[in-house]
file protein_21.cif (mmCIF, C-alpha atoms)
data_target
#
loop_
_atom_site.label_atom_id
_atom_site.label_comp_id
_atom_site.auth_asym_id
_atom_site.auth_seq_id
_atom_site.Cartn_x
_atom_site.Cartn_y
_atom_site.Cartn_z
CA MET A 204 96.92 114.94 44.95
CA THR A 205 100.32 114.22 43.42
CA VAL A 206 102.58 111.62 45.00
CA PHE A 207 106.32 111.61 44.36
CA SER A 208 108.01 108.23 44.40
CA ASP A 209 111.74 109.04 44.51
CA ALA A 210 111.12 111.80 41.98
CA GLY A 211 113.36 114.82 42.14
CA TRP A 212 111.20 117.89 41.58
CA SER A 213 113.48 120.73 42.62
CA ASP A 214 114.71 122.95 39.79
CA MET A 215 112.20 121.59 37.28
CA HIS A 216 111.59 123.72 34.19
CA PRO A 217 108.53 126.01 34.67
CA ALA A 218 106.74 124.28 31.78
CA MET A 219 106.90 121.00 33.72
CA TRP A 220 105.07 122.53 36.69
CA MET A 221 102.16 123.30 34.36
CA ALA A 222 102.43 119.86 32.73
CA ARG A 223 102.33 118.22 36.16
CA GLU A 224 99.02 119.88 37.04
CA VAL A 225 97.46 119.10 33.66
CA THR A 226 98.65 115.49 33.95
CA ARG A 227 97.30 115.19 37.50
CA ALA A 228 93.84 116.44 36.54
CA LEU A 229 93.62 114.14 33.53
CA HIS A 230 94.96 111.18 35.52
CA VAL A 231 92.25 111.65 38.15
CA LYS A 232 89.63 111.85 35.37
CA TYR A 233 90.82 108.53 33.91
CA THR A 234 91.63 106.58 37.08
CA ARG A 235 90.08 108.37 40.09
CA GLN A 236 93.49 107.81 41.74
CA ASP A 237 96.35 110.07 42.77
CA LEU A 238 99.02 110.75 40.17
CA VAL A 239 102.35 109.12 41.05
CA ILE A 240 105.45 110.70 39.54
CA THR A 241 108.24 108.14 39.59
CA SER A 242 110.94 110.31 38.07
CA GLY A 243 111.52 114.02 37.61
CA ARG A 244 114.94 115.66 37.51
CA ARG A 245 117.72 113.09 37.74
CA PRO A 246 121.29 112.55 36.56
CA ALA A 247 121.88 111.40 33.01
CA THR A 248 121.77 107.67 32.38
CA PRO A 249 124.24 105.95 30.04
CA GLY A 250 122.83 105.98 26.53
CA GLY A 251 119.81 107.99 27.64
CA SER A 252 118.48 110.83 25.55
CA SER A 253 115.59 112.18 27.60
CA LYS A 254 115.38 115.54 29.27
CA HIS A 255 115.31 114.37 32.90
CA GLU A 256 118.80 115.79 33.47
CA THR A 257 117.65 119.32 32.61
CA GLY A 258 114.39 119.12 34.57
CA GLU A 259 112.29 119.01 31.41
CA ALA A 260 110.86 115.48 31.80
CA MET A 261 108.86 113.34 34.20
CA ASP A 262 107.66 109.76 34.31
CA ILE A 263 104.35 108.67 35.77
CA ARG A 264 103.15 105.32 37.06
CA VAL A 265 100.58 103.43 34.98
CA TRP A 266 99.37 100.91 37.56
CA HIS A 267 95.91 102.48 37.85
CA PHE A 268 95.09 102.38 34.15
CA ASN A 269 92.79 99.67 32.84
CA GLY A 270 95.28 98.12 30.42
CA THR A 271 97.37 99.39 27.54
CA VAL A 272 94.41 100.73 25.53
CA GLN A 273 93.53 103.14 28.33
CA GLN A 274 97.21 104.13 28.70
CA ARG A 275 97.32 105.02 25.01
CA GLN A 276 94.03 106.95 25.20
CA PHE A 277 95.31 108.90 28.19
CA ALA A 278 98.62 109.65 26.45
CA LYS A 279 96.83 110.82 23.31
CA GLU A 280 94.52 113.14 25.23
CA LEU A 281 97.40 114.44 27.35
CA GLN A 282 99.45 115.12 24.20
CA GLU A 283 96.55 117.03 22.65
CA THR A 284 96.02 119.03 25.84
CA LEU A 285 99.69 119.91 26.41
CA GLY A 286 100.28 120.71 22.73
CA GLU A 287 103.11 120.49 20.27
CA ASP A 288 105.82 121.64 22.68
CA PHE A 289 105.52 118.41 24.69
CA ASP A 290 106.16 114.76 23.92
CA VAL A 291 104.03 112.13 25.67
CA ILE A 292 105.31 108.57 25.24
CA VAL A 293 103.84 105.30 26.52
CA GLU A 294 106.71 102.99 27.44
CA GLY A 295 106.56 99.28 28.23
CA PRO A 296 104.20 96.68 26.70
CA GLY A 297 101.67 99.39 25.78
CA ALA A 298 104.15 101.33 23.65
CA THR A 299 103.20 101.89 20.03
CA ASP A 300 106.86 102.48 19.17
CA GLN A 301 108.83 99.21 19.22
CA ARG A 302 111.90 100.99 20.69
CA TYR A 303 110.07 101.52 23.98
CA ARG A 304 108.41 98.11 24.44
CA ASP A 305 111.17 96.50 26.53
CA ARG A 306 111.09 99.22 29.20
CA VAL A 307 109.44 99.28 32.60
CA PRO A 308 105.79 100.37 32.04
CA HIS A 309 105.31 104.11 32.52
CA ILE A 310 104.35 107.26 30.63
CA HIS A 311 107.12 109.73 29.84
CA ILE A 312 106.24 113.42 29.47
CA GLU A 313 108.84 115.94 28.33
CA TYR A 314 109.01 119.57 27.34
CA ASP A 315 110.47 119.63 23.84
CA PRO A 316 109.61 122.97 22.18
CA LYS A 317 108.77 122.64 18.52
CA GLY A 318 106.13 125.32 18.09
CA ARG A 319 106.17 128.99 18.90
CA HIS A 320 108.41 128.39 21.96
CA LYS A 321 111.20 126.71 20.00
CA PRO A 322 114.46 128.61 20.33
CA VAL A 323 115.56 129.95 16.99
CA ILE A 324 119.30 129.72 16.45
CA GLY A 325 120.73 132.94 15.12
CA ARG A 326 117.60 135.04 15.84
CA ALA A 327 119.63 137.69 17.68
CA ALA A 328 122.28 137.77 14.96
CA ASP A 329 119.62 138.31 12.29
CA GLY A 330 118.04 141.08 14.42
#
call {"tool": "encode", "arguments": {"input": "protein_21.cif", "output": "structure tokens"}}
result
Amino acid sequence: MTVFSDAGWSDMHPAMWMAREVTRALHVKYTRQDLVITSGRRPATPGGSSKHETGEAMDIRVWHFNGTVQQRQFAKELQETLGEDFDVIVEGPGATDQRYRDRVPHIHIEYDPKGRHKPVIGRAADG
């Protein structure tokens, strides 16, 4: 089951619906607990650069993981499963990137096409 904790889920990008189900299944495998999405679509935040505003990002709770090592393992496996068009970032004390260490602990998942789904600027003009 997926639990929404103040997470807006209406008008989410279709890729995020798939990511939600993949994340839920992997979360249950790791924790045997329900997945809790703490943030989906939401208004932009000052200085923020994530894709929550466009419905292409979600945050999940990490309370059920057995420490930061398990959070990182989960994030790595989720990244591998979702593929190159997604970014999976551990935020909070478990973050490997120093920029994210001072944040509330959670895992951020966003659709950020880089592979075959990446829009190509000028493709129609080149036609």
call {"tool": "resolve_selection", "arguments": {"input": "protein_21.cif", "expression": "the PyMOL selection byres ((chain A and resi 216) around 6)", "output": "list in words"}}
result
Met215, Pro217, Ala218, Met219, Gly258 and Glu259 of chain A
call {"tool": "closest_atom_pairs", "arguments": {"input": "protein_21.cif", "of": "region 218-247 of chain A", "to": "region 284-291 of chain A", "cutoff": "10 Å", "atoms": "all atoms listed in the file", "output": "Markdown table"}}
result
| residue | atom | partner | partner_atom | distance |
| --- | --- | --- | --- | --- |
| A:Ala218 | CA | A:Phe289 | CA | 9.3 |
| A:Met219 | CA | A:Phe289 | CA | 9.5 |
| A:Met221 | CA | A:Leu285 | CA | 9.0 |
| A:Ala222 | CA | A:Leu285 | CA | 6.9 |
| A:Val225 | CA | A:Leu285 | CA | 7.6 |
| A:Thr226 | CA | A:Leu285 | CA | 8.8 |
| A:Leu229 | CA | A:Thr284 | CA | 9.4 |
call {"tool": "resolve_selection", "arguments": {"input": "protein_21.cif", "expression": "the PyMOL selection byres ((chain A and resi 295-307) around 9)", "output": "PyMOL selection string"}}
result
chain A and resi 270-272+274-275+292-294+308-310
call {"tool": "axis_aligned_box", "arguments": {"input": "protein_21.cif", "around": "region 264-273 of chain A", "padding_each_side": "8 Å", "output": "AutoDock Vina command-line options"}}
result
--center_x 98.0 --center_y 101.7 --center_z 31.7 --size_x 26.4 --size_y 23.2 --size_z 28.3
call {"tool": "resolve_selection", "arguments": {"input": "protein_21.cif", "expression": "the PyMOL selection byres ((chain A and resi 257) around 10)", "output": "MDAnalysis selection string"}}
result
chainID A and resid 214:216 243:247 253:256 258:260
call {"tool": "write_last_selection", "arguments": {"input": "protein_21.cif", "atoms": "C-alpha atoms", "output": "short mmCIF file (atom, residue, chain, number, x, y, z; two decimals), in the coordinates of the input"}}
result
data_model
loop_
_atom_site.label_atom_id
_atom_site.label_comp_id
_atom_site.auth_asym_id
_atom_site.auth_seq_id
_atom_site.Cartn_x
_atom_site.Cartn_y
_atom_site.Cartn_z
CA ASP A 214 114.71 122.95 39.79
CA MET A 215 112.20 121.59 37.28
CA HIS A 216 111.59 123.72 34.19
CA GLY A 243 111.52 114.02 37.61
CA ARG A 244 114.94 115.66 37.51
CA ARG A 245 117.72 113.09 37.74
CA PRO A 246 121.29 112.55 36.56
CA ALA A 247 121.88 111.40 33.01
CA SER A 253 115.59 112.18 27.60
CA LYS A 254 115.38 115.54 29.27
CA HIS A 255 115.31 114.37 32.90
CA GLU A 256 118.80 115.79 33.47
CA GLY A 258 114.39 119.12 34.57
CA GLU A 259 112.29 119.01 31.41
CA ALA A 260 110.86 115.48 31.80
#
call {"tool": "atom_distance", "arguments": {"input": "protein_21.cif", "atom1": "CA of Val239 (chain A)", "atom2": "CA of Leu281 (chain A)"}}
result
15.5 Å
call {"tool": "atom_distance", "arguments": {"input": "protein_21.cif", "atom1": "CA of Asp315 (chain A)", "atom2": "CA of Thr205 (chain A)"}}
result
22.7 Å
call {"tool": "atom_distance", "arguments": {"input": "protein_21.cif", "atom1": "CA of Phe268 (chain A)", "atom2": "CA of Ala228 (chain A)"}}
result
14.3 Å
call {"tool": "closest_residue", "arguments": {"input": "protein_21.cif", "among": "A:Trp212, A:Lys317, A:Val265, A:Thr248", "to": "His230 (chain A)", "atoms": "all atoms listed in the file"}}
result
A:Val265
call {"tool": "closest_residue", "arguments": {"input": "protein_21.cif", "among": "A:His311, A:Gln273, A:His267, A:Met261", "to": "Ser242 (chain A)", "atoms": "all atoms listed in the file"}}
result
A:Met261
call {"tool": "closest_residue", "arguments": {"input": "protein_21.cif", "among": "A:Pro316, A:Ile240, A:Lys279, A:Pro249", "to": "Ile263 (chain A)", "atoms": "only C-alpha atoms"}}
result
A:Ile240
